[in-house]
>>> print(open('start.txt').read())   # compact mmCIF, C-alpha atoms
# COMPACT_ATOMS: atom_id res chain seq x y z
CA MET V 213 -15.91 -17.47 -16.43
CA CYS V 214 -16.17 -14.08 -18.09
CA ALA V 215 -15.31 -11.34 -15.60
CA HIS V 216 -14.65 -7.61 -15.52
CA VAL V 217 -11.22 -7.08 -13.96
CA LEU V 218 -9.85 -3.76 -12.71
CA VAL V 219 -6.07 -3.55 -13.15
CA ALA V 220 -4.34 -1.02 -10.88
CA GLU V 221 -0.69 -0.92 -11.98
CA ASP V 222 1.50 2.18 -12.40
CA ASP V 223 3.91 0.47 -14.81
CA GLU V 224 2.12 1.03 -18.12
CA MET V 225 3.86 -1.82 -19.94
CA GLN V 226 3.06 -4.30 -17.18
CA ALA V 227 -0.53 -3.05 -17.10
CA GLU V 228 -0.84 -3.53 -20.86
CA LEU V 229 0.57 -7.04 -20.63
CA ILE V 230 -2.00 -7.94 -17.94
CA ARG V 231 -4.80 -6.36 -19.99
CA ARG V 232 -3.90 -8.38 -23.09
CA SER V 233 -3.68 -11.57 -21.06
CA LEU V 234 -7.12 -10.92 -19.58
CA LEU V 235 -8.62 -10.30 -23.02
CA ALA V 236 -7.09 -13.55 -24.28
CA GLU V 237 -8.84 -15.33 -21.39
CA GLY V 238 -12.22 -13.87 -22.42
CA HIS V 239 -12.42 -11.23 -19.68
CA THR V 240 -12.90 -7.47 -19.98
CA ALA V 241 -10.46 -5.10 -18.30
CA THR V 242 -10.20 -1.53 -17.06
CA VAL V 243 -6.71 -0.16 -16.37
CA VAL V 244 -5.77 2.64 -13.95
CA HIS V 245 -2.36 3.82 -12.80
CA ASP V 246 -2.78 5.21 -9.28
CA GLY V 247 -4.57 4.33 -6.07
CA ARG V 248 -7.17 7.10 -6.12
CA ALA V 249 -8.19 6.20 -9.66
CA ALA V 250 -8.43 2.55 -8.55
CA LEU V 251 -10.87 3.41 -5.76
CA ASP V 252 -12.93 5.66 -8.04
CA ALA V 253 -13.13 2.94 -10.71
CA ALA V 254 -14.00 0.25 -8.16
CA ARG V 255 -16.92 2.31 -6.84
CA ARG V 256 -18.14 3.31 -10.28
CA LEU V 257 -17.73 0.02 -12.16
CA ALA V 258 -18.10 -2.64 -9.42
CA PRO V 259 -15.60 -5.02 -11.07
CA ASP V 260 -15.53 -8.74 -10.35
CA LEU V 261 -11.87 -8.64 -9.27
CA VAL V 262 -9.06 -6.15 -8.75
CA VAL V 263 -5.43 -6.83 -9.70
CA LEU V 264 -3.67 -4.43 -7.34
CA ASP V 265 -0.02 -3.34 -7.38
CA LEU V 266 1.26 -2.45 -3.90
CA MET V 267 3.54 0.35 -5.10
CA LEU V 268 0.88 2.67 -6.55
CA PRO V 269 1.28 6.45 -6.44
CA VAL V 270 -1.17 8.80 -4.65
CA ILE V 271 -2.59 5.97 -2.50
CA ASP V 272 -0.54 2.79 -2.22
CA GLY V 273 -1.95 -0.69 -2.64
CA PHE V 274 -2.23 -1.25 1.09
CA GLY V 275 -4.46 1.84 1.40
CA VAL V 276 -6.56 0.81 -1.59
CA CYS V 277 -7.03 -2.71 -0.22
CA ARG V 278 -7.97 -1.34 3.21
CA VAL V 279 -10.72 0.87 1.71
CA LEU V 280 -11.98 -1.86 -0.62
CA ARG V 281 -12.35 -4.25 2.29
CA ARG V 282 -14.15 -1.62 4.35
CA ASP V 283 -16.54 -0.36 1.65
CA GLU V 284 -16.73 -3.05 -1.05
CA ASP V 285 -16.73 -6.83 -1.41
CA ILE V 286 -14.41 -7.29 -4.37
CA PRO V 287 -11.75 -10.02 -4.57
CA VAL V 288 -8.19 -8.68 -4.72
CA VAL V 289 -5.03 -10.23 -6.18
CA MET V 290 -2.03 -8.19 -5.03
CA LEU V 291 1.19 -7.71 -7.01
CA THR V 292 4.35 -6.83 -5.14
CA ALA V 293 7.99 -6.30 -6.01
CA ARG V 294 8.72 -6.58 -2.30
CA SER V 295 9.00 -10.18 -1.19
CA GLU V 296 9.46 -9.44 2.49
CA GLU V 297 7.21 -11.63 4.58
CA ASP V 298 5.81 -8.66 6.53
CA ASP V 299 4.51 -7.02 3.34
CA VAL V 300 2.86 -10.22 2.18
CA LEU V 301 1.30 -10.86 5.58
CA LEU V 302 0.01 -7.29 5.83
CA GLY V 303 -1.62 -7.59 2.41
CA LEU V 304 -3.31 -10.83 3.40
CA GLU V 305 -4.39 -9.40 6.76
CA LEU V 306 -5.99 -6.46 4.94
CA GLY V 307 -8.08 -8.96 2.99
CA ALA V 308 -6.21 -9.71 -0.23
CA ASP V 309 -7.36 -13.04 -1.67
CA ASP V 310 -4.00 -13.89 -3.23
CA TYR V 311 -0.68 -12.28 -4.13
CA MET V 312 2.14 -12.63 -6.63
CA THR V 313 5.72 -11.41 -6.38
CA LYS V 314 7.29 -9.67 -9.38
CA PRO V 315 8.59 -10.74 -11.81
CA TYR V 316 5.86 -13.25 -12.55
CA SER V 317 4.55 -15.26 -15.48
CA PRO V 318 1.38 -13.72 -16.99
CA ARG V 319 0.10 -17.27 -17.45
CA GLU V 320 0.46 -17.97 -13.73
CA LEU V 321 -1.31 -14.71 -12.89
CA MET V 322 -4.25 -15.72 -15.12
CA ALA V 323 -4.41 -19.07 -13.33
CA ARG V 324 -4.52 -17.32 -9.94
CA ILE V 325 -7.27 -15.01 -11.19
CA ARG V 326 -9.34 -17.96 -12.41
CA THR V 327 -8.98 -19.63 -9.01
CA VAL V 328 -10.02 -16.52 -7.07
CA LEU V 329 -13.00 -15.89 -9.37
CA ARG V 330 -14.13 -19.49 -9.04
CA ARG V 331 -13.76 -19.42 -5.26
CA SER V 332 -15.63 -16.13 -4.92
CA GLY V 333 -18.42 -17.03 -7.33
CA ARG V 334 -17.73 -13.82 -9.27
CA GLY V 335 -18.00 -13.39 -13.02
CA ALA V 336 -20.66 -14.50 -15.44
CA VAL V 337 -20.90 -17.73 -17.37
CA ALA V 338 -20.43 -16.93 -21.03
CA ASP V 339 -23.18 -17.63 -23.57
CA ARG V 340 -20.94 -20.29 -25.12
CA PRO V 341 -18.81 -22.92 -23.38
CA GLU V 342 -15.69 -21.47 -21.80
CA ASP V 343 -13.01 -21.15 -24.47
CA PRO V 344 -9.82 -19.36 -23.41
CA VAL V 345 -8.09 -20.17 -26.71
CA ALA V 346 -6.88 -17.10 -28.62
CA ARG V 347 -7.08 -17.50 -32.41
CA ALA V 348 -5.74 -15.44 -35.30
CA GLY V 349 -3.94 -15.96 -38.59
CA GLY V 350 -4.37 -19.73 -38.54
CA LEU V 351 -2.88 -19.96 -35.04
CA ALA V 352 -4.62 -21.16 -31.89
CA VAL V 353 -2.94 -20.47 -28.53
CA ASP V 354 -4.40 -22.13 -25.42
CA PRO V 355 -3.13 -20.44 -22.21
CA VAL V 356 -4.73 -23.10 -19.99
CA ARG V 357 -3.23 -26.18 -21.65
CA HIS V 358 -0.15 -24.27 -22.81
CA GLU V 359 -0.67 -25.52 -26.35
CA VAL V 360 -0.13 -23.91 -29.75
CA ARG V 361 -1.57 -25.12 -33.04
CA CYS V 362 -0.86 -23.82 -36.53
CA ASP V 363 -3.49 -24.73 -39.12
CA GLY V 364 -4.55 -27.49 -36.71
CA ALA V 365 -1.08 -29.01 -36.28
CA PRO V 366 0.63 -28.88 -32.86
CA VAL V 367 3.60 -26.54 -32.48
CA ASP V 368 6.28 -27.13 -29.85
CA CYS V 369 7.21 -23.75 -28.31
CA THR V 370 9.57 -22.62 -25.58
CA PRO V 371 7.97 -20.65 -22.71
CA ALA V 372 9.23 -17.34 -24.16
CA GLU V 373 7.96 -18.21 -27.65
CA PHE V 374 4.60 -19.17 -26.18
CA GLU V 375 4.20 -15.83 -24.35
CA ILE V 376 5.12 -13.90 -27.51
CA LEU V 377 2.56 -15.79 -29.60
CA LEU V 378 -0.13 -15.42 -26.92
CA ALA V 379 0.34 -11.64 -26.88
CA MET V 380 0.37 -11.32 -30.67
CA VAL V 381 -2.57 -13.65 -31.33
CA ALA V 382 -4.63 -11.66 -28.80
CA GLU V 383 -4.09 -8.53 -30.91
CA PRO V 384 -3.52 -9.44 -34.57
CA GLU V 385 -2.17 -6.68 -36.82
CA ARG V 386 -0.86 -4.75 -33.81
CA VAL V 387 2.80 -3.81 -34.19
CA PHE V 388 4.85 -4.80 -31.13
CA SER V 389 8.24 -3.22 -30.50
CA ARG V 390 11.13 -5.42 -29.40
CA ARG V 391 10.94 -3.81 -25.97
CA GLN V 392 7.25 -4.69 -25.63
CA LEU V 393 7.89 -8.29 -26.63
CA LEU V 394 10.81 -8.41 -24.20
CA GLU V 395 8.41 -7.40 -21.42
CA VAL V 396 6.05 -10.18 -22.51
CA THR V 397 8.79 -12.76 -21.88
CA ARG V 398 10.03 -11.35 -18.55
CA GLY V 399 8.35 -14.01 -16.44
CA THR V 400 9.86 -16.86 -18.46
CA ASP V 401 13.15 -15.52 -19.80
CA ARG V 402 14.52 -12.99 -17.32
CA ALA V 403 18.03 -12.93 -18.81
CA SER V 404 16.69 -12.06 -22.27
CA THR V 405 17.59 -8.93 -24.25
CA GLU V 406 15.90 -7.08 -27.09
CA ARG V 407 18.27 -8.86 -29.48
CA ALA V 408 17.03 -12.18 -28.08
CA VAL V 409 13.52 -11.22 -29.22
CA ASP V 410 14.78 -11.36 -32.82
CA VAL V 411 16.01 -14.90 -32.17
CA HIS V 412 12.63 -15.93 -30.70
CA ILE V 413 10.87 -14.53 -33.79
CA MET V 414 13.30 -16.31 -36.12
CA ASN V 415 12.69 -19.62 -34.31
CA LEU V 416 8.93 -19.12 -34.37
CA ARG V 417 9.04 -18.50 -38.12
CA ARG V 418 10.76 -21.84 -38.59
CA LYS V 419 7.84 -23.45 -36.75
CA ILE V 420 4.79 -21.66 -38.19
CA GLU V 421 5.82 -20.38 -41.65
CA ALA V 422 5.83 -22.48 -44.82
CA ASP V 423 8.93 -20.52 -45.90
CA PRO V 424 10.65 -18.80 -42.93
CA ARG V 425 12.62 -16.62 -45.37
CA ARG V 426 9.36 -15.22 -46.80
CA PRO V 427 7.05 -15.03 -43.77
CA VAL V 428 3.35 -14.33 -44.25
CA ARG V 429 2.32 -14.59 -40.57
CA LEU V 430 5.05 -13.09 -38.38
CA LEU V 431 5.97 -9.95 -40.26
CA THR V 432 8.75 -7.45 -39.66
CA VAL V 433 7.70 -3.79 -39.53
CA PHE V 434 11.02 -2.14 -40.29
CA GLY V 435 12.19 0.37 -37.73
CA VAL V 436 9.40 -0.59 -35.31
CA GLY V 437 9.14 -4.31 -34.54
CA TYR V 438 6.88 -7.22 -35.45
CA LYS V 439 3.22 -8.00 -36.01
CA LEU V 440 1.04 -11.07 -36.56
CA SER V 441 -0.79 -10.81 -39.86
CA GLY V 442 -4.28 -12.28 -40.17
CA GLY V 443 -7.64 -11.64 -38.58
CA ARG V 444 -9.22 -13.43 -35.66
CA GLY V 445 -10.79 -16.82 -36.09
>>> encode(input="start.txt", output="structure tokens")
Amino acid sequence: MCAHVLVAEDDEMQAELIRRSLLAEGHTATVVHDGRAALDAARRLAPDLVVLDLMLPVIDGFGVCRVLRRDEDIPVVMLTARSEEDDVLLGLELGADDYMTKPYSPRELMARIRTVLRRSGRGAVADRPEDPVARAGGLAVDPVRHEVRCDGAPVDCTPAEFEILLAMVAEPERVFSRRQLLEVTRGTDRASTERAVDVHIMNLRRKIEADPRRPVRLLTVFGVGYKLSGGRG
């Protein structure tokens, strides 16, 4: 499936993480940060699915879902930091197709989105066979099979290392700060710190670099963070 997904999330870092994950899955994404913008974008763009945070400013997620169900027929996956049963039930009663409680694994969210799209019949079949694998710099990261290959050879990664590679392979040459990479690992490594990101990078270099002391793939951008060198493909 190749779908257009509207992401309504007021936390910009979380929204960016979802956007990158969607791109790695072969989808397109539009991001907004408040409920009114979500409704305007839904009417204007007619997306295949909406990822909807409950705690949006201007109009909250409950209000957005209520209007979408009244005026549109767009599947909704709700995100909530509130795990109370009443909130979840209200979201489902308003017509949400699925929900996830924060913090969550981006990989699990993508799996939920695939299920909802398949069930709803939304999205278009791509011109080529479905290939969710993200590739760059000699690396191939498969978010469905949770597999990593480097120059064709399998690489054994921890969950946090996998999420870091998935984010970086989706956007080669982009410089990620330690804080951004920490957010990437939140669903798998909740006790992590920015210093722990350096350890994850060091361990990844041991696995994917010919000489970890002189990396050519995972590069340090001094004073900023890290980037994956190498184009797509």
>>> residues_around(input="start.txt", residues="Ala352 of chain V", least_positions_apart="6", cutoff="8 Å", atoms="all atoms listed in the file", output="JSON, numbers by chain")
{"V": [345, 346, 360, 361, 362, 364, 381]}
>>> residues_around(input="start.txt", residues="Glu359 of chain V", least_positions_apart="3", cutoff="10 Å", atoms="all atoms listed in the file", output="NGL selection string")
:V and (345 or 352-356 or 366-369 or 374)
>>> closest_residue(input="start.txt", among="V:Leu218, V:Ala348, V:Ala382, V:Leu266", to="Ala250 of chain V", atoms="only C-alpha atoms")
V:Leu218
>>> atom_distance(input="start.txt", atom1="atom CA of Leu257 of chain V", atom2="atom CA of Gly275 of chain V")
19.1 Å
>>> atom_distance(input="start.txt", atom1="atom CA of Leu394 of chain V", atom2="atom CA of Glu375 of chain V")
9.9 Å
>>> residues_near_point(input="start.txt", point="(-8.9, 5.9, -14.1)", cutoff="12 Å", atoms="only C-alpha atoms", output="list in words")
Leu218, Val219, Ala220, Glu221, Asp222, Ala241, Thr242, Val243, Val244, His245, Asp246, Gly247, Arg248, Ala249, Ala250, Leu251, Asp252, Ala253, Ala254, Arg255, Arg256 and Leu257 of chain V
>>> closest_residue(input="start.txt", among="V:Val328, V:Leu416, V:Val288, V:Val276", to="Val262 of chain V", atoms="all atoms listed in the file")
V:Val288
>>> closest_residue(input="start.txt", among="V:Met312, V:Met267, V:Val411, V:Val433", to="Arg324 of chain V", atoms="all atoms listed in the file")
V:Met312
>>> residues_around(input="start.txt", residues="Asn415 of chain V", least_positions_apart="3", cutoff="10 Å", atoms="all atoms listed in the file", output="list in words")
Cys369, Thr370, Glu373, Val409, Asp410, Val411, His412, Arg418, Lys419, Ile420 and Pro424 of chain V
>>> atom_distance(input="start.txt", atom1="atom CA of Leu329 of chain V", atom2="atom CA of Leu261 of chain V")
7.3 Å
>>> closest_residue(input="start.txt", among="V:Gly307, V:Pro344, V:Pro384, V:Pro371", to="Arg282 of chain V", atoms="only C-alpha atoms")
V:Gly307
>>> closest_residue(input="start.txt", among="V:Arg330, V:Glu237, V:Arg426, V:Ala372", to="Ser317 of chain V", atoms="only C-alpha atoms")
V:Ala372
>>> residues_near_point(input="start.txt", point="(-1.8, -11.7, -20.8)", cutoff="10 Å", atoms="only C-alpha atoms", output="compact mmCIF listing (two decimals) with C-alpha atoms, in the frame of the given file")
# COMPACT_ATOMS: atom_id res chain seq x y z
CA GLN V 226 3.06 -4.30 -17.18
CA ALA V 227 -0.53 -3.05 -17.10
CA GLU V 228 -0.84 -3.53 -20.86
CA LEU V 229 0.57 -7.04 -20.63
CA ILE V 230 -2.00 -7.94 -17.94
CA ARG V 231 -4.80 -6.36 -19.99
CA ARG V 232 -3.90 -8.38 -23.09
CA SER V 233 -3.68 -11.57 -21.06
CA LEU V 234 -7.12 -10.92 -19.58
CA LEU V 235 -8.62 -10.30 -23.02
CA ALA V 236 -7.09 -13.55 -24.28
CA GLU V 237 -8.84 -15.33 -21.39
CA SER V 317 4.55 -15.26 -15.48
CA PRO V 318 1.38 -13.72 -16.99
CA ARG V 319 0.10 -17.27 -17.45
CA GLU V 320 0.46 -17.97 -13.73
CA LEU V 321 -1.31 -14.71 -12.89
CA MET V 322 -4.25 -15.72 -15.12
CA PRO V 355 -3.13 -20.44 -22.21
CA GLU V 375 4.20 -15.83 -24.35
CA ILE V 376 5.12 -13.90 -27.51
CA LEU V 378 -0.13 -15.42 -26.92
CA ALA V 379 0.34 -11.64 -26.88
CA ALA V 382 -4.63 -11.66 -28.80
CA VAL V 396 6.05 -10.18 -22.51
>>> decode(input="start.txt", residues="segment 298-420 of chain V", atoms="C-alpha atoms", output="compact mmCIF listing (two decimals), in the first residue's frame")
# COMPACT_ATOMS: atom_id res chain seq x y z
CA ASP V 298 -12.98 6.26 29.48
CA ASP V 299 -10.77 8.24 27.07
CA VAL V 300 -10.05 5.19 24.96
CA LEU V 301 -13.71 4.17 24.88
CA LEU V 302 -14.82 7.70 23.95
CA GLY V 303 -12.35 7.77 21.07
CA LEU V 304 -13.59 4.43 19.78
CA GLU V 305 -17.23 5.49 20.21
CA LEU V 306 -16.53 8.60 18.14
CA GLY V 307 -15.34 6.33 15.34
CA ALA V 308 -11.58 5.94 15.72
CA ASP V 309 -10.40 2.79 13.95
CA ASP V 310 -7.54 2.12 16.36
CA TYR V 311 -5.54 3.83 19.10
CA MET V 312 -2.09 3.77 20.66
CA THR V 313 -1.00 4.96 24.09
CA LYS V 314 2.19 7.02 24.39
CA PRO V 315 5.03 6.23 24.55
CA TYR V 316 4.86 3.82 21.65
CA SER V 317 7.19 2.14 19.19
CA PRO V 318 7.12 3.83 15.75
CA ARG V 319 7.39 0.35 14.25
CA GLU V 320 4.22 -0.76 16.03
CA LEU V 321 2.41 2.39 14.89
CA MET V 322 3.35 1.62 11.27
CA ALA V 323 2.00 -1.91 11.70
CA ARG V 324 -1.30 -0.54 13.04
CA ILE V 325 -1.51 1.89 10.12
CA ARG V 326 -0.94 -0.92 7.61
CA THR V 327 -3.71 -2.95 9.23
CA VAL V 328 -6.21 -0.07 9.20
CA LEU V 329 -5.40 0.80 5.58
CA ARG V 330 -5.78 -2.82 4.52
CA ARG V 331 -9.08 -3.17 6.38
CA SER V 332 -10.48 0.06 4.95
CA GLY V 333 -9.32 -0.57 1.39
CA ARG V 334 -7.62 2.83 1.37
CA GLY V 335 -4.35 3.67 -0.36
CA ALA V 336 -3.12 2.84 -3.82
CA VAL V 337 -1.14 -0.16 -4.95
CA ALA V 338 2.30 1.04 -5.96
CA ASP V 339 3.56 0.62 -9.52
CA ARG V 340 6.15 -1.85 -8.22
CA PRO V 341 5.71 -4.65 -5.68
CA GLU V 342 5.39 -3.38 -2.13
CA ASP V 343 8.86 -2.76 -0.74
CA PRO V 344 9.01 -1.09 2.68
CA VAL V 345 12.79 -1.53 2.90
CA ALA V 346 14.70 1.74 3.37
CA ARG V 347 18.10 1.76 1.64
CA ALA V 348 21.06 4.13 1.80
CA GLY V 349 24.83 3.98 2.10
CA GLY V 350 25.00 0.23 1.57
CA LEU V 351 22.45 -0.39 4.32
CA ALA V 352 19.00 -1.93 3.95
CA VAL V 353 16.55 -1.62 6.86
CA ASP V 354 13.31 -3.61 6.71
CA PRO V 355 10.73 -2.28 9.23
CA VAL V 356 8.34 -5.17 8.56
CA ARG V 357 10.77 -8.05 9.13
CA HIS V 358 12.87 -6.01 11.55
CA GLU V 359 16.01 -6.87 9.61
CA VAL V 360 19.15 -4.89 8.80
CA ARG V 361 21.68 -5.73 6.10
CA CYS V 362 25.00 -4.06 5.41
CA ASP V 363 26.39 -4.68 1.92
CA GLY V 364 24.06 -7.69 1.80
CA ALA V 365 25.22 -9.24 5.08
CA PRO V 366 22.79 -9.48 8.03
CA VAL V 367 23.41 -7.20 11.00
CA ASP V 368 22.16 -8.06 14.49
CA CYS V 369 20.79 -4.87 16.10
CA THR V 370 19.16 -4.05 19.40
CA PRO V 371 15.69 -2.41 19.18
CA ALA V 372 17.18 1.04 19.89
CA GLU V 373 19.93 0.56 17.29
CA PHE V 374 17.33 -0.56 14.76
CA GLU V 375 15.17 2.55 15.27
CA ILE V 376 18.22 4.82 14.93
CA LEU V 377 19.27 3.16 11.67
CA LEU V 378 15.72 3.24 10.30
CA ALA V 379 15.48 6.99 10.91
CA MET V 380 18.90 7.72 9.43
CA VAL V 381 18.55 5.48 6.37
CA ALA V 382 15.22 7.17 5.59
CA GLU V 383 17.03 10.52 5.37
CA PRO V 384 20.69 10.01 4.38
CA GLU V 385 22.99 13.01 4.82
CA ARG V 386 20.59 14.60 7.32
CA VAL V 387 22.32 15.59 10.56
CA PHE V 388 20.47 14.27 13.62
CA SER V 389 21.11 15.77 17.04
CA ARG V 390 21.50 13.48 20.03
CA ARG V 391 18.15 14.69 21.30
CA GLN V 392 16.43 13.77 18.03
CA LEU V 393 17.97 10.30 18.06
CA LEU V 394 16.95 9.92 21.69
CA GLU V 395 13.35 10.61 20.67
CA VAL V 396 13.67 7.96 17.96
CA THR V 397 14.46 5.34 20.60
CA ARG V 398 11.80 6.38 23.13
CA GLY V 399 9.47 3.49 22.33
CA THR V 400 12.21 0.89 22.78
CA ASP V 401 14.63 2.38 25.31
CA ARG V 402 12.67 4.62 27.66
CA ALA V 403 15.44 4.86 30.27
CA SER V 404 17.95 6.09 27.70
CA THR V 405 19.79 9.42 27.86
CA GLU V 406 21.50 11.58 25.25
CA ARG V 407 24.81 10.08 26.38
CA ALA V 408 23.38 6.62 25.67
CA VAL V 409 22.90 7.69 22.03
CA ASP V 410 26.69 7.95 21.73
CA VAL V 411 26.96 4.36 22.97
CA HIS V 412 24.37 3.17 20.43
CA ILE V 413 26.31 4.90 17.63
CA MET V 414 29.59 3.39 18.84
CA ASN V 415 28.04 -0.09 18.87
CA LEU V 416 26.53 0.41 15.42
CA ARG V 417 29.91 1.43 14.05
CA ARG V 418 31.37 -1.83 15.29
CA LYS V 419 28.69 -3.64 13.29
CA ILE V 420 28.59 -1.71 10.00
